[in-house]
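Right, one structure below, let's go through it.
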Amino acid sequence: MAIFEGAGVAIVTPFLANGGINFGKLEEYIDFQIENGTDAIIICGTTGEASTMTDDEHLECIKVAVDRTNGRVPVIAGTGSNDTRHGINLTKKAKALGVNATLQVTPYYNKATQKGLIEHFTAIGRAVDLPMILYSVPSRTGVTIMPQTVAHLSKYDFVQGIKEATGNISNVAEIAALCGEEFPIYSGNDDQIIPILSLGGKGVISVLSNVAPRQTHDMVKLYLDGHHEEALHIQLEFLPLIKALFCEVNPIPVKAALNLMGMEAGPCRLPLTTLEEHHIPLLKQALIDTKIIG
């Protein structure tokens with residue numbers, strides 16, 4: 001069984017002007033997401049700026065997500081690391097806080113061979129009895145989990161899906177062919193939700209959901225319920241906004257969008273900065289066109 005089907009949000013971490021975490025706003029965001037149909041909360045991922053958090057901040061965000069969600073939808077915590085021992089330690093602590101699963105990114109900077117990836121994910125899975133979703137995002141890490149490697153890892157009970165953010169649809173098709181229709185594949189790119197669902201995907205782990213949770217949820221549900229044309233219409237309608245949300249490195253634009261919506265996401269932490277002025281009209285117009293703001 002998949003940890004979830006549908007639209008999971010890769011939720012942002014709202015920051016205060018002084019750089020601290022705005023935990024009150026994070027609780028508001030979680031409620032907003034669940035009230036608008038989001039099927040899972042993915043906390044402390046790329047969009048959540050986990051890479052600039054201390055371990056204490058990381059774990060506090062996970063605790064807030066688990067407590068605020070209170071069992072309404074699954075909570076999946078990003079606990080990946082380029083140090084396997086550190087990944088095991090974070091995953092143990094996330095399990096103790098009550099998460100339903102973890103998102104495990106490929107090791108970054110030091111990278112790994114495919115053999116190294118197998119040993120890394122297997123070490124975490126054997127050390128902590130908790131489901132994991134693999135996360136392949138070579139644009140961030142320089143490493144792709146190859147389809148044959150996914151097929152190998154999918155034989156372990158603790159590996160319960162992959163967030164596929166390579167942008168390579170041929171890779172996704174090969175993973176689906178090698179792993180079978182029961183293995184959950186989640187789109188990691190909002191512009192490829194329908195293509196990946198058409199290959200048997202179970203949903204999306206979405207940046208778009210931060211600003212359009214109901215529409216993202218509906219897109220996936222419509223497709224899974226067999227209403228393919230209606231789902232495709234939403235995908236195409238939202239492509240300009242999706243493009244605007246990635247006009248600069250994520251999560252700079254999505255935080256700017258939330259701020260334009262009056263939701264007080266605050267700034268990003270350095271080395272990420274504010275959205276360039278010339279991108280603001282594009283983002284604002286896309287939000288207007290999709291009726292997210294007036």
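Ordered as shown in the structure tokens, chains take letters A, B, and onward, while each chain numbers its residues from 1 and ligands are numbered from 1 in the order shown.
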
Next item on the list: Quick one: everything within 9 Å of A:Ala123, counting only C-alpha atoms, minus sequence neighbours fewer than 5 positions away in the same chain. Send it as a PyMOL selection string.
Entry: chain A and resi 84-85+88+118+128

Margin query: Report as a ChimeraX atom specification all protein, DNA and RNA residues lying within 8 Å of stretch 129-135 of chain A, evaluated on only C-alpha atoms, omitting residues in the same chain fewer than 3 positions from it.
Written below: /A:95,100-106,125-126,157-165

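Nearest-residue note for A:Leu178: choosing from A:Thr69, A:Ser154, A:Thr122, A:Gln285, the minimum distance belongs to A:Ser154, counting only C-alpha atoms.
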
Using only C-alpha atoms, find each residue of stretch 114-201 of chain A with at least one atom at most 10 Å away from an atom of stretch 5-14 of chain A; report its shortest atom-to-atom pair and that distance in Å (one decimal), sort the rows by chain and rising residue number, and return the result as CSV.
```
residue,atom,partner,partner_atom,distance
A:Pro184,CA,A:Glu5,CA,8.5
A:Ile185,CA,A:Glu5,CA,9.8
A:Tyr186,CA,A:Glu5,CA,8.7
A:Ser187,CA,A:Ala7,CA,9.5
A:Gly188,CA,A:Ala10,CA,9.5
A:Ile193,CA,A:Ala7,CA,9.6
A:Leu197,CA,A:Gly6,CA,10.0
A:Gly201,CA,A:Glu5,CA,9.0
```

Margin query: At a cut-off of 10 Å, using only C-alpha atoms, what residues contact stretch 47-55 of chain A? Leave out same-chain residues fewer than 4 positions from it and give the result as an MDAnalysis selection string.
Written below: chainID A and resid 9:14 20:21 42:43 59:61 78:81 86 90 206:207 210 249:252 254:255 268:272

Selected residues written out, C-alpha atoms, as a PDB file, in the first residue's frame:
```
ATOM      1  CA  VAL A   9       2.673  19.320  -0.333  1.00  0.00           C
ATOM      2  CA  ALA A  10       6.405  19.964  -0.058  1.00  0.00           C
ATOM      3  CA  ILE A  11       5.577  22.585   2.528  1.00  0.00           C
ATOM      4  CA  VAL A  12       7.587  25.770   2.964  1.00  0.00           C
ATOM      5  CA  THR A  13       9.061  26.774   6.296  1.00  0.00           C
ATOM      6  CA  PRO A  14       7.934  30.323   7.129  1.00  0.00           C
ATOM      7  CA  GLY A  20      13.904  32.377  13.153  1.00  0.00           C
ATOM      8  CA  ILE A  21      11.192  29.867  12.277  1.00  0.00           C
ATOM      9  CA  ILE A  42       6.082  16.619   3.478  1.00  0.00           C
ATOM     10  CA  ILE A  43       8.050  18.578   6.056  1.00  0.00           C
ATOM     11  CA  LEU A  59      13.278  18.151  14.568  1.00  0.00           C
ATOM     12  CA  GLU A  60      11.144  20.935  16.025  1.00  0.00           C
ATOM     13  CA  CYS A  61       9.539  21.492  12.603  1.00  0.00           C
ATOM     14  CA  GLY A  78      12.851  14.802   4.981  1.00  0.00           C
ATOM     15  CA  THR A  79      15.694  13.180   6.921  1.00  0.00           C
ATOM     16  CA  GLY A  80      18.131  12.505   4.088  1.00  0.00           C
ATOM     17  CA  SER A  81      21.808  13.311   4.373  1.00  0.00           C
ATOM     18  CA  HIS A  86      23.655  11.384  10.220  1.00  0.00           C
ATOM     19  CA  LEU A  90      17.799  11.997  12.061  1.00  0.00           C
ATOM     20  CA  SER A 206       4.255  19.367  -4.952  1.00  0.00           C
ATOM     21  CA  VAL A 207       5.562  22.908  -4.673  1.00  0.00           C
ATOM     22  CA  ASN A 210       1.698  25.550  -1.324  1.00  0.00           C
ATOM     23  CA  VAL A 249      15.641  28.429  -7.576  1.00  0.00           C
ATOM     24  CA  ASN A 250      12.957  26.892  -5.345  1.00  0.00           C
ATOM     25  CA  PRO A 251      11.714  28.042  -2.815  1.00  0.00           C
ATOM     26  CA  ILE A 252      12.464  31.689  -3.632  1.00  0.00           C
ATOM     27  CA  VAL A 254       6.927  30.129  -3.920  1.00  0.00           C
ATOM     28  CA  LYS A 255       7.742  32.150  -0.810  1.00  0.00           C
ATOM     29  CA  CYS A 268      14.440  32.651   2.623  1.00  0.00           C
ATOM     30  CA  ARG A 269      17.603  31.989   4.543  1.00  0.00           C
ATOM     31  CA  LEU A 270      20.934  32.837   2.976  1.00  0.00           C
ATOM     32  CA  PRO A 271      22.398  31.855   0.596  1.00  0.00           C
ATOM     33  CA  LEU A 272      18.911  32.111  -0.942  1.00  0.00           C
TER      34      LEU A 272
END
```

Next item on the list: Name the residues in contact with A:Gln33 at a cut-off of 10 Å, using only C-alpha atoms, excluding same-chain residues fewer than 5 positions from it; report them as JSON, numbers by chain.
Entry: {"A": [8, 9, 11, 27, 28, 38, 39, 40, 41, 69, 209, 210, 211, 212, 213, 214, 217]}

Write out, as a short mmCIF file (atom, residue, chain, number, x, y, z; two decimals), in the first residue's frame, the residues just selected, with C-alpha atoms.
```cif
data_model
loop_
_atom_site.label_atom_id
_atom_site.label_comp_id
_atom_site.auth_asym_id
_atom_site.auth_seq_id
_atom_site.Cartn_x
_atom_site.Cartn_y
_atom_site.Cartn_z
CA GLY A 8 1.33 15.85 -1.03
CA VAL A 9 2.67 19.32 -0.33
CA ILE A 11 5.58 22.59 2.53
CA GLU A 27 0.71 25.52 11.96
CA GLU A 28 -1.59 27.81 9.93
CA THR A 38 -3.92 18.02 0.52
CA ASP A 39 -3.28 14.31 1.01
CA ALA A 40 0.09 14.40 2.83
CA ILE A 41 2.42 16.89 4.49
CA THR A 69 -1.62 17.30 11.64
CA SER A 209 0.31 22.85 -3.62
CA ASN A 210 1.70 25.55 -1.32
CA VAL A 211 -0.32 28.18 -3.22
CA ALA A 212 -2.97 26.02 -4.95
CA PRO A 213 -3.67 23.03 -2.71
CA ARG A 214 -7.26 22.43 -3.80
CA HIS A 217 -5.43 17.80 -5.17
#
```

Margin query: Could you go through stretch 39-287 of chain A and tell me which residues DSSP, when run on the backbone, assigns to helix (DSSP H, G or I), listing them as a ChimeraX atom specification?
Written below: /A:50-52,55-69,84-97,114-127,138-141,147-153,169-179,190-198,208-210,213-224,228-237,239-245,252-260,277-287

Next item on the list: Could you give me, as a PyMOL selection string, the residues within 10 Å of stretch 137-152 of chain A, counting only C-alpha atoms and dropping anything in the same chain fewer than 6 positions from it?
Entry: chain A and resi 46+82+105-115+117-118+159+161-167+170-180+183+188-189
